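Visitor: Once you've had a glance at the structure underneath, I'll fire off some questions.
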Amino acid sequence: MTGGFRHIVRMGTHAEKEYLKAAPSLFDGLLFNANLVEASKGATAVFATTQRCPFSIDPVTYSFALDPRYLLATGKKKGVAVKSTFASLADRFALPAGFLGVRPLAPNDLDDPVLAEVVSQVVAYQRDVLGDTLSEDAAFVLGDLEPRVAAALPEWTFAPYFINDYKQDWLSVNIRSLELAEDEPGPSVAAVLAYDTRRSSREYLRSTALAYGDEISRAMFVWASNLDEHRSAMDQLADYACLVRQLASQGQRPMAAYGGFFAMLLSFRGMTGIAHGVGYGDRRDLEPVVGGGLPPATFYVRSIRDAVSVGDLTFLAADLTEADFRRWICDCTICEGLLVRGGVSGLIASLTETDDHISEKGNLVSIATPRVYQLTRFHYLLNRAEEVRWVSSSDFDTVAGELRAGAAWASQRLGPAALGHIDRWLDVLHATPELD
């Protein structure tokens, strides 16, 4: 891997700020989705300008071209209606009237000159929304407003983007949007190349990459929707790798819009960065557009480069010495502290704490305590940061050897099937030629 690999975290909710504030050295960039920004402009503006970390705003324009039901919500006063944040974004983006909540946005809705106006407004929103929010907030009028507004400028702005899916001609709209965005004032423009892995093919992805040309070198976030690094078929992983290599060979700087360890491995074939969430988010399906509640507490395991349930951790760590736990599972600051205080058994006890709650159906259920979420998420961020450092400073053979050693150990406890992704990853890398 070459130096300069970017490690970007997507903030899913403002509840995640505690992790990001406490561990700024574990990443070098932030991403906010536009619907989060629109719902909480003031809080996002203050956080973005005090974190002292490069950030960008994902305009999530693809969401308007999906089934409109995913943008609807049921309220006590309005009944079923378009979520207020997306209704507001559609207005701010100057999207055509009449489609929202009724049908998906279609390519022919964005013919010129409509597309030119949409691109201008989408870029302006990302460029100006946080700075304008600070300027309009009376709390900052007598304070350090000018440097704060300057700090509210994103690292990149994104051209509007939609999912390349065979069925509609979104590719030409995406290319034209990028061309128009590059004429807008402000930060450098980044592209998002998003495709549905269920409908893609190697040749389709190659032609898609070629459509972006090689005249301009740009940051390009690759979103292989519905791709699960650990469970997807070999051909889907191979297609993803070939797309990354093709883009890199054209001088683009591909980054995983949602990526985990496999995306890091692709740095040996041209990937230049990854983005993920706090404790999750190394994959993203097309639907739903917004999250479905709090994800279950999981624990990231070094030897398998995957997360397991905290319950499965008990089985995986059974009878391990502290030294073996550090070698095969984790020796991060969080785990080291738990081991020092209570050994392996104490660590397991801390990570499996539960509280009893009454469910909506009236059943008694046990869920992980807030402390478990806090510990496992810091643990995840620490592991991701260490993996980026390690892979960035190693050659492929060294990384592959460590992966095989970890898989050999873990397969004795989980069985070979649970480690099949390691072999698939390495087979894909071996089959994908290095860049010239």
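Ligands are numbered from 1 in the order shown, residues from 1 within each chain, and chains are lettered A, B, ... in the order they appear in the structure tokens.
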Pull the helix (DSSP H, G or I) assignments for segment 108-320 of chain A out of DSSP run on the backbone, and list those residues as an NGL selection string.
Guide: :A and (108-110 or 114-136 or 138-140 or 145-151 or 170-181 or 202-211 or 234-249 or 261-269 or 302-304 or 310-316)
Visitor: If you keep C-alpha atoms, can you produce a file of those selected residues as a short mmCIF file (atom, residue, chain, number, x, y, z; two decimals), in the first residue's frame?
Guide:
data_model
loop_
_atom_site.label_atom_id
_atom_site.label_comp_id
_atom_site.auth_asym_id
_atom_site.auth_seq_id
_atom_site.Cartn_x
_atom_site.Cartn_y
_atom_site.Cartn_z
CA ASN A 108 -35.73 12.46 -18.02
CA ASP A 109 -36.72 14.68 -15.07
CA LEU A 110 -33.19 16.08 -15.16
CA VAL A 114 -33.08 21.56 -15.11
CA LEU A 115 -30.00 19.49 -14.34
CA ALA A 116 -27.73 22.53 -14.40
CA GLU A 117 -29.85 24.25 -11.76
CA VAL A 118 -30.04 21.11 -9.62
CA VAL A 119 -26.25 20.65 -9.75
CA SER A 120 -25.70 24.28 -8.81
CA GLN A 121 -28.04 24.05 -5.83
CA VAL A 122 -26.72 20.69 -4.62
CA VAL A 123 -23.13 21.96 -4.66
CA ALA A 124 -24.13 25.28 -3.07
CA TYR A 125 -25.93 23.44 -0.26
CA GLN A 126 -22.83 21.45 0.67
CA ARG A 127 -20.56 24.47 0.32
CA ASP A 128 -22.65 27.00 2.24
CA VAL A 129 -25.12 25.34 4.61
CA LEU A 130 -22.95 25.13 7.71
CA GLY A 131 -21.30 28.52 7.24
CA ASP A 132 -24.68 30.17 6.66
CA THR A 133 -26.04 28.48 9.77
CA LEU A 134 -23.24 29.89 11.89
CA SER A 135 -23.68 33.36 10.40
CA GLU A 136 -27.39 33.34 11.21
CA ALA A 138 -26.91 35.03 17.19
CA ALA A 139 -24.73 33.07 19.60
CA PHE A 140 -21.77 33.54 17.25
CA LEU A 145 -17.53 33.98 13.78
CA GLU A 146 -15.16 34.59 10.88
CA PRO A 147 -12.73 31.69 11.54
CA ARG A 148 -15.67 29.42 12.38
CA VAL A 149 -17.37 30.18 9.05
CA ALA A 150 -14.09 29.56 7.23
CA ALA A 151 -13.78 26.22 9.04
CA TRP A 170 -28.41 7.31 -14.89
CA LEU A 171 -24.80 7.03 -16.04
CA SER A 172 -25.12 9.86 -18.53
CA VAL A 173 -26.82 12.01 -15.86
CA ASN A 174 -24.04 11.23 -13.39
CA ILE A 175 -21.31 12.14 -15.89
CA ARG A 176 -23.06 15.34 -16.92
CA SER A 177 -23.62 16.27 -13.25
CA LEU A 178 -19.92 15.86 -12.56
CA GLU A 179 -19.00 18.05 -15.53
CA LEU A 180 -21.38 20.77 -14.38
CA ALA A 181 -20.25 20.54 -10.75
CA ARG A 202 -17.61 -7.02 -15.28
CA GLU A 203 -18.01 -5.44 -18.72
CA TYR A 204 -20.69 -3.02 -17.52
CA LEU A 205 -18.47 -1.83 -14.68
CA ARG A 206 -15.49 -1.42 -16.98
CA SER A 207 -17.51 0.70 -19.41
CA THR A 208 -18.85 2.70 -16.46
CA ALA A 209 -15.32 3.41 -15.24
CA LEU A 210 -14.17 4.38 -18.74
CA ALA A 211 -17.04 6.86 -19.00
CA MET A 234 -16.43 -14.44 -5.39
CA ASP A 235 -17.52 -12.85 -8.68
CA GLN A 236 -19.03 -9.82 -6.94
CA LEU A 237 -15.84 -9.24 -4.97
CA ALA A 238 -13.75 -9.72 -8.12
CA ASP A 239 -15.89 -7.27 -10.11
CA TYR A 240 -15.47 -4.69 -7.34
CA ALA A 241 -11.69 -5.19 -7.34
CA CYS A 242 -11.49 -4.87 -11.13
CA LEU A 243 -13.53 -1.65 -11.04
CA VAL A 244 -11.18 -0.16 -8.45
CA ARG A 245 -8.14 -1.14 -10.48
CA GLN A 246 -9.67 0.25 -13.69
CA LEU A 247 -10.42 3.60 -12.06
CA ALA A 248 -6.92 3.80 -10.57
CA SER A 249 -5.36 2.99 -13.94
CA PHE A 261 -10.84 -4.80 5.59
CA PHE A 262 -11.36 -6.09 2.04
CA ALA A 263 -11.49 -2.49 0.83
CA MET A 264 -8.22 -1.92 2.68
CA LEU A 265 -6.70 -4.89 0.88
CA LEU A 266 -7.70 -3.27 -2.40
CA SER A 267 -5.20 -0.52 -1.60
CA PHE A 268 -2.73 -2.94 -3.19
CA ARG A 269 -4.76 -2.53 -6.40
CA ARG A 302 -8.80 -9.34 14.72
CA SER A 303 -8.16 -12.93 13.61
CA ILE A 304 -11.27 -13.08 11.42
CA VAL A 310 -20.99 -10.32 22.11
CA GLY A 311 -22.56 -13.69 22.92
CA ASP A 312 -20.37 -15.44 20.33
CA LEU A 313 -17.33 -13.74 21.81
CA THR A 314 -17.85 -15.86 24.94
CA PHE A 315 -17.52 -19.02 22.86
CA LEU A 316 -14.58 -17.74 20.81
#
Visitor: Counting only C-alpha atoms, which residues in segment 216-331 of chain A sit no more than 12 Å from segment 338-351 of chain A? For each one, give the nearest pair of atoms and the distance in Å, sorted by chain then residue number, as a tab-separated table.
Guide:
residue	atom	partner	partner_atom	distance
A:Ala297	CA	A:Leu351	CA	9.1
A:Thr298	CA	A:Leu351	CA	9.4
A:Phe299	CA	A:Leu351	CA	8.6
A:Tyr300	CA	A:Leu351	CA	11.9
A:Ser309	CA	A:Leu351	CA	10.2
A:Val310	CA	A:Leu351	CA	6.6
A:Gly311	CA	A:Leu351	CA	8.8
A:Asp312	CA	A:Ile348	CA	10.4
A:Leu313	CA	A:Ile348	CA	7.6
A:Thr314	CA	A:Ile348	CA	6.3
A:Phe315	CA	A:Ile348	CA	10.0
A:Leu316	CA	A:Ile348	CA	10.5
A:Ala317	CA	A:Val344	CA	7.7
A:Ala318	CA	A:Val344	CA	8.6
A:Asp319	CA	A:Val344	CA	8.5
A:Leu320	CA	A:Val344	CA	7.3
A:Thr321	CA	A:Val344	CA	7.1
A:Glu322	CA	A:Val344	CA	6.1
A:Ala323	CA	A:Val344	CA	9.7
A:Asp324	CA	A:Val344	CA	9.9
A:Phe325	CA	A:Val344	CA	7.5
A:Arg326	CA	A:Leu339	CA	9.1
A:Ile329	CA	A:Val344	CA	11.0
A:Cys330	CA	A:Leu339	CA	10.4
A:Asp331	CA	A:Leu339	CA	9.0
Visitor: With N, CA, C and O atoms retained, export the selected residues as a CSV table (one decimal), in the first residue's frame.
Guide:
chain,number,residue,atom,x,y,z
A,297,ALA,N,-25.2,-4.8,19.6
A,297,ALA,CA,-23.8,-4.7,20.0
A,297,ALA,C,-23.0,-5.8,19.4
A,297,ALA,O,-23.4,-7.0,19.5
A,298,THR,N,-21.9,-5.5,18.8
A,298,THR,CA,-21.0,-6.6,18.2
A,298,THR,C,-19.6,-6.3,18.7
A,298,THR,O,-19.2,-5.2,19.1
A,299,PHE,N,-18.7,-7.3,18.5
A,299,PHE,CA,-17.3,-7.2,18.9
A,299,PHE,C,-16.4,-7.6,17.7
A,299,PHE,O,-16.6,-8.7,17.2
A,300,TYR,N,-15.6,-6.7,17.3
A,300,TYR,CA,-14.7,-6.9,16.2
A,300,TYR,C,-13.5,-7.8,16.6
A,300,TYR,O,-12.8,-7.5,17.6
A,309,SER,N,-21.3,-11.4,17.5
A,309,SER,CA,-22.1,-10.9,18.6
A,309,SER,C,-21.3,-11.0,19.9
A,309,SER,O,-20.4,-11.9,20.0
A,310,VAL,N,-21.7,-10.2,20.8
A,310,VAL,CA,-21.0,-10.3,22.1
A,310,VAL,C,-21.2,-11.7,22.8
A,310,VAL,O,-20.4,-12.2,23.5
A,311,GLY,N,-22.3,-12.3,22.4
A,311,GLY,CA,-22.6,-13.7,22.9
A,311,GLY,C,-21.6,-14.7,22.3
A,311,GLY,O,-21.0,-15.6,23.0
A,312,ASP,N,-21.3,-14.5,21.0
A,312,ASP,CA,-20.4,-15.4,20.3
A,312,ASP,C,-18.9,-15.2,20.8
A,312,ASP,O,-18.1,-16.1,20.7
A,313,LEU,N,-18.7,-14.0,21.3
A,313,LEU,CA,-17.3,-13.7,21.8
A,313,LEU,C,-17.0,-14.7,23.0
A,313,LEU,O,-15.9,-15.1,23.2
A,314,THR,N,-18.0,-15.0,23.8
A,314,THR,CA,-17.9,-15.9,24.9
A,314,THR,C,-17.3,-17.2,24.5
A,314,THR,O,-16.4,-17.8,25.1
A,315,PHE,N,-17.9,-17.7,23.4
A,315,PHE,CA,-17.5,-19.0,22.9
A,315,PHE,C,-16.1,-18.9,22.3
A,315,PHE,O,-15.3,-19.8,22.5
A,316,LEU,N,-15.9,-17.9,21.5
A,316,LEU,CA,-14.6,-17.7,20.8
A,316,LEU,C,-13.4,-17.6,21.8
A,316,LEU,O,-12.3,-18.1,21.5
A,317,ALA,N,-13.7,-17.0,22.9
A,317,ALA,CA,-12.6,-16.7,23.9
A,317,ALA,C,-12.5,-17.7,25.0
A,317,ALA,O,-11.7,-17.6,25.9
A,318,ALA,N,-13.3,-18.8,24.9
A,318,ALA,CA,-13.3,-19.8,26.0
A,318,ALA,C,-11.9,-20.4,26.2
A,318,ALA,O,-11.3,-20.8,25.3
A,319,ASP,N,-11.5,-20.4,27.5
A,319,ASP,CA,-10.3,-21.0,27.9
A,319,ASP,C,-9.0,-20.3,27.4
A,319,ASP,O,-7.9,-20.9,27.5
A,320,LEU,N,-9.1,-19.1,26.8
A,320,LEU,CA,-7.9,-18.5,26.3
A,320,LEU,C,-7.1,-17.9,27.5
A,320,LEU,O,-7.7,-17.3,28.5
A,321,THR,N,-5.8,-17.9,27.4
A,321,THR,CA,-5.0,-17.1,28.3
A,321,THR,C,-5.1,-15.6,27.9
A,321,THR,O,-5.5,-15.3,26.8
A,322,GLU,N,-4.6,-14.8,28.8
A,322,GLU,CA,-4.6,-13.4,28.4
A,322,GLU,C,-3.7,-13.1,27.2
A,322,GLU,O,-4.0,-12.3,26.3
A,323,ALA,N,-2.6,-13.8,27.2
A,323,ALA,CA,-1.6,-13.7,26.1
A,323,ALA,C,-2.2,-14.1,24.8
A,323,ALA,O,-2.1,-13.4,23.7
A,324,ASP,N,-3.0,-15.2,24.8
A,324,ASP,CA,-3.6,-15.7,23.6
A,324,ASP,C,-4.7,-14.7,23.1
A,324,ASP,O,-5.0,-14.5,21.9
A,325,PHE,N,-5.5,-14.2,24.1
A,325,PHE,CA,-6.5,-13.2,23.8
A,325,PHE,C,-5.9,-12.0,23.1
A,325,PHE,O,-6.4,-11.6,22.0
A,326,ARG,N,-4.8,-11.5,23.6
A,326,ARG,CA,-4.1,-10.4,23.0
A,326,ARG,C,-3.6,-10.8,21.6
A,326,ARG,O,-3.7,-9.9,20.6
A,329,ILE,N,-7.3,-12.2,19.4
A,329,ILE,CA,-8.6,-11.4,19.4
A,329,ILE,C,-8.3,-9.9,19.4
A,329,ILE,O,-8.8,-9.2,18.5
A,330,CYS,N,-7.6,-9.4,20.4
A,330,CYS,CA,-7.4,-8.0,20.5
A,330,CYS,C,-6.5,-7.6,21.6
A,330,CYS,O,-6.6,-8.2,22.7
A,331,ASP,N,-5.7,-6.6,21.4
A,331,ASP,CA,-4.9,-6.0,22.4
A,331,ASP,C,-5.0,-4.4,22.4
A,331,ASP,O,-4.1,-3.7,22.8
Visitor: From a DSSP calculation on the backbone, collect every residue of segment 131-313 of chain A in strand (DSSP E) and output the set as an MDAnalysis selection string.
Guide: chainID A and resid 156:158 188:196 219:225 253:256 273:276 298:301 306:309
Visitor: Can you work out which one of A:Trp328, A:Phe27, A:Phe32, A:Tyr195 has the shortest atom-to-atom distance to Ala405 of chain A, counting only C-alpha atoms?
Guide: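 For Ala405 of chain A, the nearest of the given residues is A:Trp328.
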Visitor: Find the residues around Arg198 of chain A up to 10 Å (only C-alpha atoms counted), leave out those fewer than 5 positions away in its own chain, and share them as a PyMOL selection string.
Guide: chain A and resi 165+224-227+236
Visitor: Keeping only C-alpha atoms, write the selected residues to a file as a PDB file, in the first residue's frame.
Guide:
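As written to disk, part_22.pdb reads:
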ATOM      1  CA  ASP A 165     -28.431  -0.107 -12.334  1.00  0.00           C
ATOM      2  CA  ALA A 224     -20.889  -1.249  -4.353  1.00  0.00           C
ATOM      3  CA  SER A 225     -24.399  -1.388  -2.922  1.00  0.00           C
ATOM      4  CA  ASN A 226     -25.562  -4.669  -1.430  1.00  0.00           C
ATOM      5  CA  LEU A 227     -21.960  -5.904  -1.317  1.00  0.00           C
ATOM      6  CA  GLN A 236     -19.029  -9.816  -6.938  1.00  0.00           C
TER       7      GLN A 236
END
Visitor: Might you pull out every residue within 10 Å of segment 367-381 of chain A, with only C-alpha atoms counted and same-chain residues fewer than 5 positions away left off, and present them as a PDB file with N, CA and C atoms, in the first residue's frame?
Guide:
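part.pdb, freshly written:
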ATOM      1  N   VAL A   9     -14.711   8.582   8.641  1.00  0.00           N
ATOM      2  CA  VAL A   9     -15.825   8.037   9.425  1.00  0.00           C
ATOM      3  C   VAL A   9     -17.101   8.797   9.086  1.00  0.00           C
ATOM      4  N   GLU A  16     -23.348   9.788  18.239  1.00  0.00           N
ATOM      5  CA  GLU A  16     -22.015   9.253  18.001  1.00  0.00           C
ATOM      6  C   GLU A  16     -20.908  10.290  18.195  1.00  0.00           C
ATOM      7  N   GLU A  18     -19.819  11.596  20.819  1.00  0.00           N
ATOM      8  CA  GLU A  18     -18.953  11.335  21.970  1.00  0.00           C
ATOM      9  C   GLU A  18     -17.750  10.491  21.582  1.00  0.00           C
ATOM     10  N   TYR A  19     -17.946   9.552  20.663  1.00  0.00           N
ATOM     11  CA  TYR A  19     -16.831   8.714  20.230  1.00  0.00           C
ATOM     12  C   TYR A  19     -15.849   9.514  19.381  1.00  0.00           C
ATOM     13  N   LEU A  20     -16.387  10.329  18.503  1.00  0.00           N
ATOM     14  CA  LEU A  20     -15.544  11.076  17.578  1.00  0.00           C
ATOM     15  C   LEU A  20     -14.778  12.183  18.294  1.00  0.00           C
ATOM     16  N   ALA A  22     -13.829  12.039  21.416  1.00  0.00           N
ATOM     17  CA  ALA A  22     -12.862  11.426  22.324  1.00  0.00           C
ATOM     18  C   ALA A  22     -11.686  10.792  21.595  1.00  0.00           C
ATOM     19  N   ALA A  23     -11.854  10.522  20.290  1.00  0.00           N
ATOM     20  CA  ALA A  23     -10.811   9.786  19.570  1.00  0.00           C
ATOM     21  C   ALA A  23     -10.498  10.409  18.218  1.00  0.00           C
ATOM     22  N   LEU A  26      -8.014   8.789  15.557  1.00  0.00           N
ATOM     23  CA  LEU A  26      -8.281   7.483  14.971  1.00  0.00           C
ATOM     24  C   LEU A  26      -8.828   7.552  13.553  1.00  0.00           C
ATOM     25  N   PHE A  27      -8.983   8.757  12.998  1.00  0.00           N
ATOM     26  CA  PHE A  27      -9.472   8.926  11.631  1.00  0.00           C
ATOM     27  C   PHE A  27      -8.986  10.266  11.131  1.00  0.00           C
ATOM     28  N   HIS A 276     -16.516   4.477   6.766  1.00  0.00           N
ATOM     29  CA  HIS A 276     -17.379   3.539   7.482  1.00  0.00           C
ATOM     30  C   HIS A 276     -18.016   4.271   8.653  1.00  0.00           C
ATOM     31  N   GLY A 277     -18.941   3.604   9.323  1.00  0.00           N
ATOM     32  CA  GLY A 277     -19.606   4.205  10.462  1.00  0.00           C
ATOM     33  C   GLY A 277     -18.877   3.925  11.768  1.00  0.00           C
ATOM     34  N   VAL A 278     -19.501   4.337  12.865  1.00  0.00           N
ATOM     35  CA  VAL A 278     -18.939   4.139  14.200  1.00  0.00           C
ATOM     36  C   VAL A 278     -19.401   2.779  14.711  1.00  0.00           C
ATOM     37  N   GLY A 279     -18.555   1.773  14.554  1.00  0.00           N
ATOM     38  CA  GLY A 279     -18.902   0.444  15.018  1.00  0.00           C
ATOM     39  C   GLY A 279     -19.665  -0.394  14.014  1.00  0.00           C
ATOM     40  N   TYR A 280     -19.896   0.142  12.847  1.00  0.00           N
ATOM     41  CA  TYR A 280     -20.634  -0.556  11.784  1.00  0.00           C
ATOM     42  C   TYR A 280     -20.421   0.259  10.519  1.00  0.00           C
ATOM     43  N   PRO A 295     -28.170  -0.541  15.963  1.00  0.00           N
ATOM     44  CA  PRO A 295     -27.649  -1.865  15.603  1.00  0.00           C
ATOM     45  C   PRO A 295     -27.308  -2.658  16.857  1.00  0.00           C
ATOM     46  N   PRO A 296     -27.335  -3.979  16.791  1.00  0.00           N
ATOM     47  CA  PRO A 296     -26.965  -4.775  17.965  1.00  0.00           C
ATOM     48  C   PRO A 296     -25.488  -4.580  18.301  1.00  0.00           C
ATOM     49  N   ALA A 297     -25.168  -4.776  19.566  1.00  0.00           N
ATOM     50  CA  ALA A 297     -23.771  -4.658  19.993  1.00  0.00           C
ATOM     51  C   ALA A 297     -22.978  -5.828  19.423  1.00  0.00           C
ATOM     52  N   THR A 298     -21.874  -5.529  18.780  1.00  0.00           N
ATOM     53  CA  THR A 298     -21.000  -6.558  18.228  1.00  0.00           C
ATOM     54  C   THR A 298     -19.564  -6.284  18.653  1.00  0.00           C
ATOM     55  N   PHE A 299     -18.723  -7.292  18.488  1.00  0.00           N
ATOM     56  CA  PHE A 299     -17.322  -7.176  18.886  1.00  0.00           C
ATOM     57  C   PHE A 299     -16.449  -7.555  17.700  1.00  0.00           C
ATOM     58  N   TYR A 300     -15.565  -6.650  17.313  1.00  0.00           N
ATOM     59  CA  TYR A 300     -14.688  -6.893  16.169  1.00  0.00           C
ATOM     60  C   TYR A 300     -13.523  -7.777  16.585  1.00  0.00           C
ATOM     61  N   VAL A 301     -13.298  -8.861  15.827  1.00  0.00           N
ATOM     62  CA  VAL A 301     -12.275  -9.850  16.157  1.00  0.00           C
ATOM     63  C   VAL A 301     -11.144  -9.778  15.132  1.00  0.00           C
ATOM     64  N   ALA A 307     -16.885  -8.799  12.718  1.00  0.00           N
ATOM     65  CA  ALA A 307     -17.519  -8.628  14.023  1.00  0.00           C
ATOM     66  C   ALA A 307     -18.379  -9.838  14.346  1.00  0.00           C
ATOM     67  N   VAL A 310     -21.701 -10.227  20.839  1.00  0.00           N
ATOM     68  CA  VAL A 310     -20.993 -10.319  22.110  1.00  0.00           C
ATOM     69  C   VAL A 310     -21.220 -11.684  22.752  1.00  0.00           C
ATOM     70  N   CYS A 330      -7.649  -9.432  20.437  1.00  0.00           N
ATOM     71  CA  CYS A 330      -7.414  -7.982  20.462  1.00  0.00           C
ATOM     72  C   CYS A 330      -6.505  -7.591  21.620  1.00  0.00           C
ATOM     73  N   ASP A 331      -5.689  -6.557  21.375  1.00  0.00           N
ATOM     74  CA  ASP A 331      -4.893  -5.970  22.449  1.00  0.00           C
ATOM     75  C   ASP A 331      -5.018  -4.450  22.436  1.00  0.00           C
ATOM     76  N   CYS A 332      -6.161  -3.948  21.969  1.00  0.00           N
ATOM     77  CA  CYS A 332      -6.367  -2.490  21.923  1.00  0.00           C
ATOM     78  C   CYS A 332      -6.435  -1.935  23.343  1.00  0.00           C
ATOM     79  N   THR A 333      -6.464  -0.627  23.459  1.00  0.00           N
ATOM     80  CA  THR A 333      -6.478   0.028  24.764  1.00  0.00           C
ATOM     81  C   THR A 333      -7.672  -0.410  25.603  1.00  0.00           C
ATOM     82  N   ILE A 334      -8.833  -0.538  24.954  1.00  0.00           N
ATOM     83  CA  ILE A 334     -10.034  -0.951  25.674  1.00  0.00           C
ATOM     84  C   ILE A 334      -9.860  -2.361  26.233  1.00  0.00           C
ATOM     85  N   CYS A 335      -9.476  -3.294  25.370  1.00  0.00           N
ATOM     86  CA  CYS A 335      -9.328  -4.685  25.802  1.00  0.00           C
ATOM     87  C   CYS A 335      -8.202  -4.833  26.817  1.00  0.00           C
ATOM     88  N   LEU A 338      -9.475  -3.858  30.232  1.00  0.00           N
ATOM     89  CA  LEU A 338     -10.374  -4.866  30.797  1.00  0.00           C
ATOM     90  C   LEU A 338      -9.605  -6.102  31.237  1.00  0.00           C
ATOM     91  N   SER A 350     -17.749  -7.907  31.306  1.00  0.00           N
ATOM     92  CA  SER A 350     -18.000  -6.491  31.012  1.00  0.00           C
ATOM     93  C   SER A 350     -18.689  -6.305  29.673  1.00  0.00           C
ATOM     94  N   LEU A 351     -18.339  -7.148  28.689  1.00  0.00           N
ATOM     95  CA  LEU A 351     -18.871  -6.975  27.337  1.00  0.00           C
ATOM     96  C   LEU A 351     -20.198  -7.694  27.113  1.00  0.00           C
ATOM     97  N   THR A 352     -20.652  -8.443  28.099  1.00  0.00           N
ATOM     98  CA  THR A 352     -21.936  -9.140  27.953  1.00  0.00           C
ATOM     99  C   THR A 352     -22.978  -8.645  28.952  1.00  0.00           C
ATOM    100  N   GLU A 353     -22.729  -7.488  29.564  1.00  0.00           N
ATOM    101  CA  GLU A 353     -23.719  -6.911  30.483  1.00  0.00           C
ATOM    102  C   GLU A 353     -25.009  -6.583  29.730  1.00  0.00           C
ATOM    103  N   THR A 354     -26.139  -6.853  30.361  1.00  0.00           N
ATOM    104  CA  THR A 354     -27.433  -6.552  29.745  1.00  0.00           C
ATOM    105  C   THR A 354     -28.361  -5.879  30.748  1.00  0.00           C
ATOM    106  N   ASP A 355     -29.329  -5.171  30.205  1.00  0.00           N
ATOM    107  CA  ASP A 355     -30.438  -4.611  30.981  1.00  0.00           C
ATOM    108  C   ASP A 355     -31.725  -5.239  30.480  1.00  0.00           C
ATOM    109  N   ASP A 356     -32.675  -5.435  31.371  1.00  0.00           N
ATOM    110  CA  ASP A 356     -33.981  -5.966  30.980  1.00  0.00           C
ATOM    111  C   ASP A 356     -34.923  -4.823  30.625  1.00  0.00           C
ATOM    112  N   HIS A 357     -35.624  -5.002  29.516  1.00  0.00           N
ATOM    113  CA  HIS A 357     -36.582  -3.999  29.059  1.00  0.00           C
ATOM    114  C   HIS A 357     -37.860  -4.697  28.624  1.00  0.00           C
ATOM    115  N   GLU A 386      -5.811   0.980  13.668  1.00  0.00           N
ATOM    116  CA  GLU A 386      -4.599   0.171  13.682  1.00  0.00           C
ATOM    117  C   GLU A 386      -4.460  -0.616  12.382  1.00  0.00           C
ATOM    118  N   GLU A 387      -5.576  -1.109  11.830  1.00  0.00           N
ATOM    119  CA  GLU A 387      -5.513  -1.834  10.566  1.00  0.00           C
ATOM    120  C   GLU A 387      -5.056  -0.928   9.430  1.00  0.00           C
TER     121      GLU A 387
END
Visitor: Go through A:Arg218, A:Glu336, A:Gly281, A:Trp156 and flag the residue nearest Gly12 of chain A, using only C-alpha atoms for the distances.
Guide: A:Gly281
Visitor: Please provide as a compact mmCIF listing (two decimals) with N, CA, C and O atoms, in the first residue's frame all residues within 12 Å of Arg103 of chain A, with the sequence filter that same-chain residues fewer than 3 positions apart are discarded (counting only C-alpha atoms).
Guide:
# COMPACT_ATOMS: atom_id res chain seq x y z
N SER A 63 -31.32 8.93 -3.16
CA SER A 63 -32.52 8.52 -2.44
C SER A 63 -33.80 8.95 -3.14
O SER A 63 -34.83 8.27 -3.03
N PHE A 64 -33.73 10.03 -3.89
CA PHE A 64 -34.93 10.53 -4.56
C PHE A 64 -35.32 9.68 -5.77
O PHE A 64 -36.43 9.82 -6.30
N ALA A 65 -34.43 8.80 -6.21
CA ALA A 65 -34.72 7.94 -7.36
C ALA A 65 -35.13 6.52 -6.93
O ALA A 65 -35.32 5.66 -7.79
N LEU A 66 -35.29 6.30 -5.62
CA LEU A 66 -35.72 5.00 -5.12
C LEU A 66 -37.23 4.99 -4.93
O LEU A 66 -37.92 6.00 -5.12
N ASP A 67 -37.74 3.84 -4.55
CA ASP A 67 -39.17 3.71 -4.24
C ASP A 67 -39.56 4.81 -3.26
O ASP A 67 -38.97 4.92 -2.18
N PRO A 68 -40.55 5.64 -3.59
CA PRO A 68 -40.89 6.78 -2.73
C PRO A 68 -41.35 6.38 -1.33
O PRO A 68 -41.33 7.21 -0.42
N ARG A 69 -41.74 5.14 -1.15
CA ARG A 69 -42.18 4.71 0.18
C ARG A 69 -41.07 4.84 1.21
O ARG A 69 -41.35 5.01 2.42
N TYR A 70 -39.81 4.78 0.76
CA TYR A 70 -38.70 4.85 1.71
C TYR A 70 -38.47 6.27 2.22
O TYR A 70 -37.69 6.46 3.16
N LEU A 71 -39.14 7.22 1.63
CA LEU A 71 -39.01 8.61 2.10
C LEU A 71 -40.24 9.06 2.86
O LEU A 71 -40.37 10.24 3.19
N LEU A 72 -41.16 8.13 3.14
CA LEU A 72 -42.40 8.47 3.83
C LEU A 72 -42.31 8.12 5.32
O LEU A 72 -41.58 7.23 5.72
N VAL A 82 -44.13 12.72 3.30
CA VAL A 82 -42.69 12.67 3.06
C VAL A 82 -41.96 13.20 4.28
O VAL A 82 -42.37 14.20 4.90
N PRO A 96 -37.40 18.86 -9.44
CA PRO A 96 -38.69 19.16 -10.07
C PRO A 96 -39.86 18.89 -9.13
O PRO A 96 -39.81 17.98 -8.28
N ALA A 97 -40.90 19.65 -9.27
CA ALA A 97 -42.09 19.49 -8.43
C ALA A 97 -42.94 18.31 -8.89
O ALA A 97 -42.89 17.92 -10.05
N GLY A 98 -43.67 17.75 -7.95
CA GLY A 98 -44.71 16.78 -8.31
C GLY A 98 -44.36 15.32 -8.14
O GLY A 98 -45.25 14.48 -8.05
N PHE A 99 -43.08 14.97 -8.07
CA PHE A 99 -42.73 13.55 -8.01
C PHE A 99 -42.58 13.04 -6.59
O PHE A 99 -42.82 11.87 -6.30
N LEU A 100 -42.17 13.92 -5.65
CA LEU A 100 -41.78 13.51 -4.31
C LEU A 100 -42.94 12.83 -3.58
O LEU A 100 -44.02 13.40 -3.45
N ALA A 106 -36.75 10.30 -12.17
CA ALA A 106 -36.28 9.57 -13.35
C ALA A 106 -35.27 10.43 -14.12
O ALA A 106 -35.26 11.66 -13.99
N ASP A 109 -36.34 13.53 -15.89
CA ASP A 109 -36.72 14.68 -15.07
C ASP A 109 -35.58 15.68 -14.97
O ASP A 109 -35.80 16.83 -14.54
